[in-house]
>>> print(open('input_7.pdb').read())   # PDB, C-alpha atoms (C1' of nucleotides)
MODEL        1
ATOM      1  CA  MET A   1      26.506 217.715  97.828
ATOM      2  CA  SER A   2      29.598 216.195  96.367
ATOM      3  CA  ASP A   3      33.248 216.781  97.039
ATOM      4  CA  VAL A   4      34.903 219.320  94.763
ATOM      5  CA  LYS A   5      37.667 216.953  93.734
ATOM      6  CA  GLY A   6      35.322 214.068  93.223
ATOM      7  CA  ASN A   7      36.244 210.465  93.712
ATOM      8  CA  GLY A   8      37.644 207.710  91.625
ATOM      9  CA  LEU A   9      40.046 207.529  88.753
ATOM     10  CA  PRO A  10      37.799 209.552  86.412
ATOM     11  CA  SER A  11      38.224 212.569  88.654
ATOM     12  CA  THR A  12      41.985 212.731  88.095
ATOM     13  CA  ALA A  13      43.595 215.061  85.590
ATOM     14  CA  VAL A  14      45.678 212.313  83.942
ATOM     15  CA  PHE A  15      42.586 210.269  83.259
ATOM     16  CA  GLN A  16      40.593 213.224  81.979
ATOM     17  CA  LEU A  17      43.461 214.554  79.882
ATOM     18  CA  GLY A  18      44.024 211.100  78.440
ATOM     19  CA  THR A  19      40.380 210.754  77.547
ATOM     20  CA  LEU A  20      39.999 214.221  76.090
ATOM     21  CA  GLY A  21      43.294 213.918  74.274
ATOM     22  CA  ALA A  22      42.104 210.793  72.497
ATOM     23  CA  VAL A  23      38.884 212.514  71.494
ATOM     24  CA  ALA A  24      40.749 215.596  70.315
ATOM     25  CA  GLU A  25      43.206 213.580  68.278
ATOM     26  CA  SER A  26      40.608 211.422  66.572
ATOM     27  CA  ARG A  27      38.493 214.428  65.640
ATOM     28  CA  PHE A  28      41.505 216.289  64.342
ATOM     29  CA  ALA A  29      42.589 213.220  62.378
ATOM     30  CA  ARG A  30      39.209 212.969  60.713
ATOM     31  CA  ALA A  31      39.192 216.689  59.926
ATOM     32  CA  VAL A  32      42.591 216.748  58.195
ATOM     33  CA  GLU A  33      42.459 213.420  56.415
ATOM     34  CA  GLY A  34      41.023 215.211  53.394
ATOM     35  CA  LEU A  35      44.292 217.134  53.212
ATOM     36  CA  GLY A  36      46.219 213.874  53.040
ATOM     37  CA  LEU A  37      47.550 214.436  56.545
ATOM     38  CA  LYS A  38      47.559 212.708  59.890
ATOM     39  CA  PRO A  39      48.170 214.365  63.234
ATOM     40  CA  LYS A  40      51.850 213.401  63.240
ATOM     41  CA  HIS A  41      52.355 215.195  59.930
ATOM     42  CA  ALA A  42      50.946 218.344  61.458
ATOM     43  CA  GLY A  43      53.218 217.827  64.450
ATOM     44  CA  LEU A  44      56.275 217.495  62.256
ATOM     45  CA  MET A  45      55.406 220.542  60.195
ATOM     46  CA  THR A  46      54.782 222.522  63.355
ATOM     47  CA  ALA A  47      58.218 221.583  64.652
ATOM     48  CA  LEU A  48      59.644 222.722  61.341
ATOM     49  CA  ALA A  49      57.712 225.985  61.200
ATOM     50  CA  ALA A  50      59.854 227.701  63.794
ATOM     51  CA  VAL A  51      63.252 226.505  62.623
ATOM     52  CA  ALA A  52      64.293 224.178  59.827
ATOM     53  CA  ALA A  53      65.745 220.922  61.117
ATOM     54  CA  GLU A  54      69.507 220.637  60.935
ATOM     55  CA  SER A  55      69.106 216.916  60.396
ATOM     56  CA  GLN A  56      66.346 214.345  60.537
ATOM     57  CA  GLN A  57      67.881 212.790  63.602
ATOM     58  CA  GLU A  58      67.883 216.083  65.407
ATOM     59  CA  LEU A  59      64.211 216.440  64.506
ATOM     60  CA  ALA A  60      63.448 212.911  65.681
ATOM     61  CA  ALA A  61      65.009 213.744  69.027
ATOM     62  CA  ARG A  62      63.002 216.973  69.223
ATOM     63  CA  LEU A  63      59.762 215.092  68.569
ATOM     64  CA  GLY A  64      60.653 212.132  70.735
ATOM     65  CA  VAL A  65      60.108 209.563  67.997
ATOM     66  CA  ALA A  66      62.308 207.047  66.200
ATOM     67  CA  PRO A  67      64.441 208.408  63.339
ATOM     68  CA  SER A  68      62.894 205.888  60.968
ATOM     69  CA  LEU A  69      59.482 207.407  61.622
ATOM     70  CA  VAL A  70      60.770 210.822  60.576
ATOM     71  CA  VAL A  71      61.902 209.245  57.326
ATOM     72  CA  THR A  72      58.409 207.912  56.657
ATOM     73  CA  LEU A  73      56.626 211.129  57.605
ATOM     74  CA  ALA A  74      59.080 213.257  55.637
ATOM     75  CA  ASP A  75      58.662 210.987  52.607
ATOM     76  CA  GLN A  76      54.920 211.544  52.669
ATOM     77  CA  LEU A  77      55.211 215.274  53.267
ATOM     78  CA  GLU A  78      57.753 215.559  50.481
ATOM     79  CA  ALA A  79      55.338 213.789  48.131
ATOM     80  CA  LEU A  80      52.782 216.463  49.003
ATOM     81  CA  GLY A  81      55.355 219.159  48.360
ATOM     82  CA  ALA A  82      55.111 220.307  51.954
ATOM     83  CA  VAL A  83      58.745 219.824  52.906
ATOM     84  CA  GLN A  84      61.982 219.904  51.014
ATOM     85  CA  ARG A  85      65.074 217.793  51.569
ATOM     86  CA  THR A  86      68.389 219.361  50.735
ATOM     87  CA  ARG A  87      71.785 217.822  51.367
ATOM     88  CA  ASP A  88      73.926 219.640  53.830
ATOM     89  CA  VAL A  89      76.921 220.803  51.785
ATOM     90  CA  ASN A  90      79.235 220.583  54.766
ATOM     91  CA  ASP A  91      78.134 217.086  55.732
ATOM     92  CA  ARG A  92      76.610 215.246  52.844
ATOM     93  CA  ARG A  93      75.137 212.587  55.099
ATOM     94  CA  ARG A  94      72.671 215.088  56.478
ATOM     95  CA  GLN A  95      69.328 216.033  54.991
ATOM     96  CA  VAL A  96      68.171 219.511  55.920
ATOM     97  CA  LEU A  97      64.396 219.579  56.173
ATOM     98  CA  THR A  98      62.635 222.813  55.279
ATOM     99  CA  LEU A  99      58.972 223.688  55.260
ATOM    100  CA  THR A 100      57.904 224.908  51.809
ATOM    101  CA  GLU A 101      55.262 227.491  50.979
ATOM    102  CA  VAL A 102      52.905 224.628  50.246
ATOM    103  CA  GLY A 103      53.735 223.282  53.689
ATOM    104  CA  ARG A 104      53.006 226.609  55.329
ATOM    105  CA  ALA A 105      49.679 226.801  53.528
ATOM    106  CA  LEU A 106      48.791 223.266  54.660
ATOM    107  CA  LEU A 107      49.745 224.110  58.204
ATOM    108  CA  ALA A 108      47.555 227.193  58.076
ATOM    109  CA  ARG A 109      44.631 225.039  57.007
ATOM    110  CA  CYS A 110      45.348 222.671  59.881
ATOM    111  CA  GLU A 111      45.201 225.594  62.232
ATOM    112  CA  ALA A 112      41.881 226.772  60.792
ATOM    113  CA  VAL A 113      40.499 223.266  61.188
ATOM    114  CA  ALA A 114      41.744 223.135  64.754
ATOM    115  CA  ARG A 115      40.165 226.471  65.654
ATOM    116  CA  ALA A 116      36.842 225.272  64.293
ATOM    117  CA  LEU A 117      37.133 222.111  66.364
ATOM    118  CA  ASP A 118      37.971 224.202  69.416
ATOM    119  CA  GLU A 119      34.622 225.929  69.061
ATOM    120  CA  GLU A 120      32.822 222.586  69.064
ATOM    121  CA  LEU A 121      34.900 221.056  71.785
ATOM    122  CA  LEU A 122      34.699 223.989  74.169
ATOM    123  CA  ALA A 123      31.098 224.902  73.419
ATOM    124  CA  ASP A 124      29.930 224.008  76.924
ATOM    125  CA  LEU A 125      32.456 226.247  78.634
ATOM    126  CA  THR A 126      31.789 229.810  79.684
ATOM    127  CA  PRO A 127      34.168 232.453  78.325
ATOM    128  CA  ARG A 128      35.749 232.621  81.751
ATOM    129  CA  GLN A 129      36.266 228.850  81.822
ATOM    130  CA  ARG A 130      37.727 228.931  78.337
ATOM    131  CA  ALA A 131      40.226 231.579  79.275
ATOM    132  CA  ALA A 132      41.198 229.679  82.407
ATOM    133  CA  LEU A 133      41.627 226.464  80.426
ATOM    134  CA  ALA A 134      43.753 228.212  77.800
ATOM    135  CA  GLU A 135      45.943 229.643  80.522
ATOM    136  CA  ALA A 136      46.451 226.313  82.251
ATOM    137  CA  LEU A 137      47.109 224.428  79.008
ATOM    138  CA  GLY A 138      49.545 227.127  77.980
ATOM    139  CA  VAL A 139      51.552 226.610  81.143
ATOM    140  CA  LEU A 140      51.451 222.828  80.818
ATOM    141  CA  THR A 141      52.642 222.851  77.227
ATOM    142  CA  GLY A 142      55.254 225.440  78.001
ATOM    143  CA  ARG A 143      54.206 228.444  75.962
TER     144      ARG A 143
ATOM    145  CA  MET B   1      53.715 241.847  74.108
ATOM    146  CA  SER B   2      52.092 238.774  72.572
ATOM    147  CA  ASP B   3      48.468 238.054  71.827
ATOM    148  CA  VAL B   4      46.633 236.195  74.532
ATOM    149  CA  LYS B   5      45.455 233.470  72.193
ATOM    150  CA  GLY B   6      48.803 233.098  70.539
ATOM    151  CA  ASN B   7      49.297 232.012  66.977
ATOM    152  CA  GLY B   8      49.735 228.808  65.139
ATOM    153  CA  LEU B   9      48.446 225.308  65.590
ATOM    154  CA  PRO B  10      50.207 224.824  68.950
ATOM    155  CA  SER B  11      48.027 227.527  70.452
ATOM    156  CA  THR B  12      44.798 225.601  69.829
ATOM    157  CA  ALA B  13      43.085 223.533  72.497
ATOM    158  CA  VAL B  14      42.793 220.429  70.288
ATOM    159  CA  PHE B  15      46.511 220.415  69.655
ATOM    160  CA  GLN B  16      47.412 221.029  73.279
ATOM    161  CA  LEU B  17      44.902 218.494  74.573
ATOM    162  CA  GLY B  18      46.144 215.945  72.058
ATOM    163  CA  THR B  19      49.729 216.508  73.102
ATOM    164  CA  LEU B  20      49.060 216.483  76.829
ATOM    165  CA  GLY B  21      46.766 213.504  76.487
ATOM    166  CA  ALA B  22      49.516 211.478  74.859
ATOM    167  CA  VAL B  23      51.945 212.440  77.608
ATOM    168  CA  ALA B  24      49.397 211.638  80.299
ATOM    169  CA  GLU B  25      48.562 208.261  78.802
ATOM    170  CA  SER B  26      52.152 207.161  78.349
ATOM    171  CA  ARG B  27      53.080 208.150  81.894
ATOM    172  CA  PHE B  28      50.050 206.401  83.287
ATOM    173  CA  ALA B  29      50.822 203.330  81.193
ATOM    174  CA  ARG B  30      54.340 203.172  82.572
ATOM    175  CA  ALA B  31      53.107 203.666  86.115
ATOM    176  CA  VAL B  32      50.567 200.826  86.065
ATOM    177  CA  GLU B  33      52.459 198.301  83.994
ATOM    178  CA  GLY B  34      53.838 196.829  87.216
ATOM    179  CA  LEU B  35      50.254 195.968  88.120
ATOM    180  CA  GLY B  36      49.874 194.029  84.888
ATOM    181  CA  LEU B  37      47.556 196.685  83.524
ATOM    182  CA  LYS B  38      47.317 199.035  80.592
ATOM    183  CA  PRO B  39      45.237 202.186  80.394
ATOM    184  CA  LYS B  40      42.373 200.408  78.633
ATOM    185  CA  HIS B  41      42.121 197.919  81.479
ATOM    186  CA  ALA B  42      41.705 200.795  83.888
ATOM    187  CA  GLY B  43      39.101 202.285  81.595
ATOM    188  CA  LEU B  44      37.140 199.075  81.465
ATOM    189  CA  MET B  45      37.267 198.609  85.220
ATOM    190  CA  THR B  46      36.186 202.192  85.716
ATOM    191  CA  ALA B  47      33.191 201.636  83.466
ATOM    192  CA  LEU B  48      32.366 198.571  85.540
ATOM    193  CA  ALA B  49      32.807 200.259  88.902
ATOM    194  CA  ALA B  50      29.567 202.187  88.729
ATOM    195  CA  VAL B  51      27.357 199.438  87.335
ATOM    196  CA  ALA B  52      28.094 195.876  86.272
ATOM    197  CA  ALA B  53      27.751 195.375  82.529
ATOM    198  CA  GLU B  54      24.590 193.635  81.407
ATOM    199  CA  SER B  55      26.570 192.180  78.542
ATOM    200  CA  GLN B  56      29.963 192.581  76.951
ATOM    201  CA  GLN B  57      28.401 194.124  73.882
ATOM    202  CA  GLU B  58      26.621 196.706  75.930
ATOM    203  CA  LEU B  59      29.951 197.501  77.583
ATOM    204  CA  ALA B  60      31.700 197.724  74.205
ATOM    205  CA  ALA B  61      29.098 200.239  73.072
ATOM    206  CA  ARG B  62      29.552 202.209  76.295
ATOM    207  CA  LEU B  63      33.310 202.369  75.766
ATOM    208  CA  GLY B  64      33.101 202.950  72.038
ATOM    209  CA  VAL B  65      35.310 199.998  71.143
ATOM    210  CA  ALA B  66      34.835 196.780  69.202
ATOM    211  CA  PRO B  67      33.216 193.875  71.098
ATOM    212  CA  SER B  68      36.209 191.689  70.328
ATOM    213  CA  LEU B  69      38.430 194.099  72.216
ATOM    214  CA  VAL B  70      36.263 193.750  75.296
ATOM    215  CA  VAL B  71      36.764 190.002  75.048
ATOM    216  CA  THR B  72      40.535 190.419  75.075
ATOM    217  CA  LEU B  73      40.584 192.951  77.905
ATOM    218  CA  ALA B  74      38.109 190.932  79.970
ATOM    219  CA  ASP B  75      40.191 187.785  79.424
ATOM    220  CA  GLN B  76      43.248 189.510  80.825
ATOM    221  CA  LEU B  77      41.376 191.072  83.721
ATOM    222  CA  GLU B  78      39.765 187.752  84.525
ATOM    223  CA  ALA B  79      43.216 186.147  84.607
ATOM    224  CA  LEU B  80      44.183 188.754  87.212
ATOM    225  CA  GLY B  81      41.020 187.990  89.167
ATOM    226  CA  ALA B  82      39.825 191.558  88.656
ATOM    227  CA  VAL B  83      36.568 190.763  86.909
ATOM    228  CA  GLN B  84      34.184 187.862  86.994
ATOM    229  CA  ARG B  85      32.160 186.444  84.135
ATOM    230  CA  THR B  86      28.850 184.890  85.029
ATOM    231  CA  ARG B  87      26.310 183.573  82.562
ATOM    232  CA  ASP B  88      23.034 185.391  82.517
ATOM    233  CA  VAL B  89      20.494 182.793  83.659
ATOM    234  CA  ASN B  90      17.749 184.320  81.542
ATOM    235  CA  ASP B  91      19.846 184.490  78.392
ATOM    236  CA  ARG B  92      22.698 182.042  78.473
ATOM    237  CA  ARG B  93      24.423 183.773  75.540
ATOM    238  CA  ARG B  94      25.218 186.744  77.728
ATOM    239  CA  GLN B  95      28.181 187.137  80.041
ATOM    240  CA  VAL B  96      27.573 189.470  82.929
ATOM    241  CA  LEU B  97      30.812 191.238  83.853
ATOM    242  CA  THR B  98      31.321 192.177  87.463
ATOM    243  CA  LEU B  99      34.212 193.916  89.177
ATOM    244  CA  THR B 100      35.590 191.750  91.980
ATOM    245  CA  GLU B 101      37.129 192.880  95.249
ATOM    246  CA  VAL B 102      40.528 192.316  93.676
ATOM    247  CA  GLY B 103      39.405 194.518  90.812
ATOM    248  CA  ARG B 104      38.302 197.263  93.168
ATOM    249  CA  ALA B 105      41.622 197.119  94.951
ATOM    250  CA  LEU B 106      43.488 197.345  91.644
ATOM    251  CA  LEU B 107      41.370 200.273  90.583
ATOM    252  CA  ALA B 108      42.116 202.005  93.872
ATOM    253  CA  ARG B 109      45.825 201.591  93.216
ATOM    254  CA  CYS B 110      45.351 203.029  89.742
ATOM    255  CA  GLU B 111      43.687 206.024  91.278
ATOM    256  CA  ALA B 112      46.522 206.477  93.765
ATOM    257  CA  VAL B 113      49.020 206.285  90.942
ATOM    258  CA  ALA B 114      47.016 208.812  88.938
ATOM    259  CA  ARG B 115      46.858 211.247  91.847
ATOM    260  CA  ALA B 116      50.602 211.050  92.256
ATOM    261  CA  LEU B 117      51.048 211.727  88.547
ATOM    262  CA  ASP B 118      48.664 214.661  88.835
ATOM    263  CA  GLU B 119      51.022 216.225  91.338
ATOM    264  CA  GLU B 120      53.921 215.920  88.923
ATOM    265  CA  LEU B 121      51.991 216.969  85.882
ATOM    266  CA  LEU B 122      50.359 219.998  87.462
ATOM    267  CA  ALA B 123      53.359 221.089  89.514
ATOM    268  CA  ASP B 124      53.815 224.293  87.541
ATOM    269  CA  LEU B 125      50.242 225.456  88.081
ATOM    270  CA  THR B 126      49.142 227.746  90.874
ATOM    271  CA  PRO B 127      46.361 226.439  93.131
ATOM    272  CA  ARG B 128      43.999 228.811  91.372
ATOM    273  CA  GLN B 129      45.017 227.492  87.964
ATOM    274  CA  ARG B 130      44.621 223.933  89.153
ATOM    275  CA  ALA B 131      41.124 224.559  90.376
ATOM    276  CA  ALA B 132      40.205 226.272  87.119
ATOM    277  CA  LEU B 133      41.624 223.392  85.100
ATOM    278  CA  ALA B 134      39.749 220.839  87.192
ATOM    279  CA  GLU B 135      36.534 222.766  86.672
ATOM    280  CA  ALA B 136      36.970 223.008  82.907
ATOM    281  CA  LEU B 137      37.995 219.371  82.519
ATOM    282  CA  GLY B 138      35.042 218.361  84.661
ATOM    283  CA  VAL B 139      32.654 220.117  82.304
ATOM    284  CA  LEU B 140      34.346 218.702  79.217
ATOM    285  CA  THR B 141      34.231 215.134  80.485
ATOM    286  CA  GLY B 142      30.699 215.574  81.726
ATOM    287  CA  ARG B 143      30.989 215.120  85.474
TER     288      ARG B 143
ATOM    289  C1'  DT C   1      85.407 203.389  63.103
ATOM    290  C1'  DA C   2      81.361 206.424  63.891
ATOM    291  C1'  DT C   3      77.289 208.657  62.212
ATOM    292  C1'  DT C   4      73.171 209.797  58.951
ATOM    293  C1'  DG C   5      69.636 208.275  56.502
ATOM    294  C1'  DT C   6      67.254 204.426  54.756
ATOM    295  C1'  DT C   7      65.228 199.888  54.402
ATOM    296  C1'  DA C   8      63.717 195.516  56.384
ATOM    297  C1'  DT C   9      61.586 193.358  59.916
ATOM    298  C1'  DA C  10      58.821 192.681  63.947
ATOM    299  C1'  DC C  11      55.661 193.926  67.418
ATOM    300  C1'  DT C  12      51.499 196.179  69.449
ATOM    301  C1'  DC C  13      46.996 197.605  69.050
ATOM    302  C1'  DT C  14      42.590 197.342  67.297
ATOM    303  C1'  DA C  15      39.005 196.412  63.907
ATOM    304  C1'  DT C  16      36.522 193.280  60.628
ATOM    305  C1'  DA C  17      34.994 188.951  59.464
ATOM    306  C1'  DA C  18      34.176 184.111  60.243
ATOM    307  C1'  DC C  19      32.524 180.817  63.577
ATOM    308  C1'  DT C  20      29.935 178.647  67.719
ATOM    309  C1'  DA C  21      26.336 178.507  70.946
ATOM    310  C1'  DT C  22      22.026 180.034  72.283
ATOM    311  C1'  DA C  23      17.679 182.249  71.437
TER     312       DA C  23
ATOM    313  C1'  DT D   1      16.890 183.515  61.503
ATOM    314  C1'  DA D   2      19.036 186.656  64.755
ATOM    315  C1'  DT D   3      22.154 187.699  68.525
ATOM    316  C1'  DA D   4      26.194 187.192  72.176
ATOM    317  C1'  DG D   5      30.555 185.842  72.555
ATOM    318  C1'  DT D   6      34.674 184.136  70.704
ATOM    319  C1'  DT D   7      38.395 183.250  67.483
ATOM    320  C1'  DA D   8      40.968 184.215  63.231
ATOM    321  C1'  DT D   9      42.684 187.391  60.271
ATOM    322  C1'  DA D  10      44.224 191.769  58.628
ATOM    323  C1'  DG D  11      45.604 196.559  58.791
ATOM    324  C1'  DA D  12      47.665 200.713  60.841
ATOM    325  C1'  DG D  13      51.239 202.547  63.373
ATOM    326  C1'  DT D  14      55.641 202.571  65.279
ATOM    327  C1'  DA D  15      60.000 200.726  67.028
ATOM    328  C1'  DT D  16      64.325 197.947  66.534
ATOM    329  C1'  DA D  17      67.802 196.170  63.805
ATOM    330  C1'  DA D  18      70.408 195.628  59.581
ATOM    331  C1'  DC D  19      72.412 198.186  55.771
ATOM    332  C1'  DA D  20      74.576 201.835  52.629
ATOM    333  C1'  DA D  21      76.806 206.207  52.143
ATOM    334  C1'  DT D  22      79.610 209.570  54.081
ATOM    335  C1'  DA D  23      82.660 211.333  57.551
TER     336       DA D  23
ENDMDL
END
>>> encode(input="input_7.pdb", output="structure tokens")
Amino acid sequence: MSDVKGNGLPSTAVFQLGTLGAVAESRFARAVEGLGLKPKHAGLMTALAAVAAESQQELAARLGVAPSLVVTLADQLEALGAVQRTRDVNDRRRQVLTLTEVGRALLARCEAVARALDEELLADLTPRQRAALAEALGVLTGR
Amino acid sequence: MSDVKGNGLPSTAVFQLGTLGAVAESRFARAVEGLGLKPKHAGLMTALAAVAAESQQELAARLGVAPSLVVTLADQLEALGAVQRTRDVNDRRRQVLTLTEVGRALLARCEAVARALDEELLADLTPRQRAALAEALGVLTGR
DNA sequence: TATTGTTATACTCTATAACTATA
DNA sequence: TATAGTTATAGAGTATAACAATA
């Protein structure tokens, strides 16, 4: 009979979350690459879905990435028609980023893909375990 | 009152696991960099802790990375005295990788670091939620 | 002069391909 | 000829720093 907590690094949450996170990301990446997207694009669109970004720098701060990366991601999303850049009339230095209808549709497809992957990923869990996991993850991601 | 499952991509397990995994990895990386290690080094040592690798290629397959990456990681770990390369006497092409005492000590410190991070990371969870999370993660990582 | 967005550059990580030694 | 390890090279991804436009 083994200890509940187990022993060794692999029994820690950081290690397990790191491992599972890498698996989750790579599967998600493969699933959305047909849409011309990478996980970061989905992340940016998600951040934009709630509220349009007042500026790209504000968005960069929200996402915790370098402003130059937002430029690159926004360029690619704009090419897909998923986001729209419009100059702020009050401060013409600023680009207001807005999610377009095309962007919302893409994001919806990302969500569908993610729900399908959830089924695969969580297949070995009982309904009770799934609910408990969802609850814990919800707390940890602040929802 | 909101739906239990929530809506949108951020409510999926893949998205949440991906996000949390990235946070977990970067915190762990920062915490062990003083030891001269990166997360992959810890992963390699962990793989070696149970059983010594018959060959570097076998280990690469086990970890799901390119053989050349194992060379690099093993070089760095060997420089730290954490692993030992010994030629297989039956097949002198093969390098048998073994975790040294130094390596075991390093791995133990990684585990201590990870447990401390677990406390931080899971601080907002009730004991019941923690136990449920540990159970679910255990199933998902196959332990 | 300070700030926003952009562009240029560099660095990290990792994989693929070429090479050496052994089988 | 095939395989293990190594080395060389290349690509993706992202950050830092220089630059242009606007304030």
>>> resolve_selection(input="input_7.pdb", expression="the PyMOL selection byres ((chain C) within 9 of (chain A))", output="PDB file with C-alpha atoms (C1' of nucleotides), in the frame of the given file")
ATOM      1  C1'  DT C   3      77.289 208.657  62.212  1.00  0.00           C
ATOM      2  C1'  DT C   4      73.171 209.797  58.951  1.00  0.00           C
ATOM      3  C1'  DG C   5      69.636 208.275  56.502  1.00  0.00           C
ATOM      4  C1'  DT C   6      67.254 204.426  54.756  1.00  0.00           C
TER       5       DT C   6
END
>>> resolve_selection(input="input_7.pdb", expression="the PyMOL selection byres ((chain D) within 9 of (chain B))", output="JSON, numbers by chain")
{"D": [3, 4, 5, 6]}
>>> interface_residues(input="input_7.pdb", of="chain A", to="chain B", cutoff="8 Å", atoms="all atoms listed in the file", output="PyMOL selection string")
chain A and resi 5+8-22+24-25+28+46+107-108+110-111+114-115+117-118+121-122+124-125+129-130+132-141
>>> residues_around(input="input_7.pdb", residues="region 10-18 of chain C", least_positions_apart="2", cutoff="9 Å", atoms="all atoms listed in the file", output="count of residues only")
14
>>> axis_aligned_box(input="input_7.pdb", around="region 32-36 of chain B", padding_each_side="4 Å", output="AutoDock Vina command-line options")
--center_x 51.9 --center_y 197.4 --center_z 86.1 --size_x 12.0 --size_y 14.8 --size_z 12.1
>>> atom_distance(input="input_7.pdb", atom1="CA of Glu58 (chain B)", atom2="C1' of DC19 (chain C)")
21.0 Å
>>> decode(input="input_7.pdb", residues="region 6-46 of chain A", atoms="C-alpha atoms", output="PDB file, in the first residue's frame")
ATOM      1  CA  GLY A   6       3.183   9.544  -3.318  1.00  0.00           C
ATOM      2  CA  ASN A   7       6.861  10.267  -3.439  1.00  0.00           C
ATOM      3  CA  GLY A   8       9.209  12.041  -5.730  1.00  0.00           C
ATOM      4  CA  LEU A   9       8.947  15.013  -8.000  1.00  0.00           C
ATOM      5  CA  PRO A  10       6.339  13.376 -10.267  1.00  0.00           C
ATOM      6  CA  SER A  11       3.888  13.353  -7.386  1.00  0.00           C
ATOM      7  CA  THR A  12       3.861  17.147  -7.089  1.00  0.00           C
ATOM      8  CA  ALA A  13       1.172  19.312  -8.631  1.00  0.00           C
ATOM      9  CA  VAL A  14       3.649  21.656 -10.358  1.00  0.00           C
ATOM     10  CA  PHE A  15       5.299  18.752 -12.105  1.00  0.00           C
ATOM     11  CA  GLN A  16       2.018  17.146 -13.105  1.00  0.00           C
ATOM     12  CA  LEU A  17       0.474  20.430 -14.209  1.00  0.00           C
ATOM     13  CA  GLY A  18       3.582  21.232 -16.214  1.00  0.00           C
ATOM     14  CA  THR A  19       3.495  17.868 -17.909  1.00  0.00           C
ATOM     15  CA  LEU A  20      -0.216  17.883 -18.627  1.00  0.00           C
ATOM     16  CA  GLY A  21      -0.081  21.491 -19.727  1.00  0.00           C
ATOM     17  CA  ALA A  22       2.522  20.663 -22.351  1.00  0.00           C
ATOM     18  CA  VAL A  23       0.423  17.776 -23.613  1.00  0.00           C
ATOM     19  CA  ALA A  24      -2.708  19.912 -23.674  1.00  0.00           C
ATOM     20  CA  GLU A  25      -1.002  22.720 -25.534  1.00  0.00           C
ATOM     21  CA  SER A  26       0.580  20.521 -28.176  1.00  0.00           C
ATOM     22  CA  ARG A  27      -2.686  18.720 -28.859  1.00  0.00           C
ATOM     23  CA  PHE A  28      -4.575  21.979 -29.057  1.00  0.00           C
ATOM     24  CA  ALA A  29      -1.915  23.411 -31.366  1.00  0.00           C
ATOM     25  CA  ARG A  30      -2.238  20.477 -33.721  1.00  0.00           C
ATOM     26  CA  ALA A  31      -6.034  20.704 -33.667  1.00  0.00           C
ATOM     27  CA  VAL A  32      -6.228  24.400 -34.587  1.00  0.00           C
ATOM     28  CA  GLU A  33      -3.357  24.601 -37.033  1.00  0.00           C
ATOM     29  CA  GLY A  34      -5.827  23.900 -39.827  1.00  0.00           C
ATOM     30  CA  LEU A  35      -7.527  27.165 -38.893  1.00  0.00           C
ATOM     31  CA  GLY A  36      -4.254  29.021 -39.357  1.00  0.00           C
ATOM     32  CA  LEU A  37      -3.987  29.558 -35.614  1.00  0.00           C
ATOM     33  CA  LYS A  38      -1.606  28.796 -32.799  1.00  0.00           C
ATOM     34  CA  PRO A  39      -2.489  28.687 -29.124  1.00  0.00           C
ATOM     35  CA  LYS A  40      -1.305  32.256 -28.549  1.00  0.00           C
ATOM     36  CA  HIS A  41      -3.710  33.512 -31.208  1.00  0.00           C
ATOM     37  CA  ALA A  42      -6.558  31.860 -29.367  1.00  0.00           C
ATOM     38  CA  GLY A  43      -5.283  33.407 -26.147  1.00  0.00           C
ATOM     39  CA  LEU A  44      -5.214  36.866 -27.665  1.00  0.00           C
ATOM     40  CA  MET A  45      -8.673  36.529 -29.152  1.00  0.00           C
ATOM     41  CA  THR A  46      -9.990  35.262 -25.842  1.00  0.00           C
TER      42      THR A  46
END
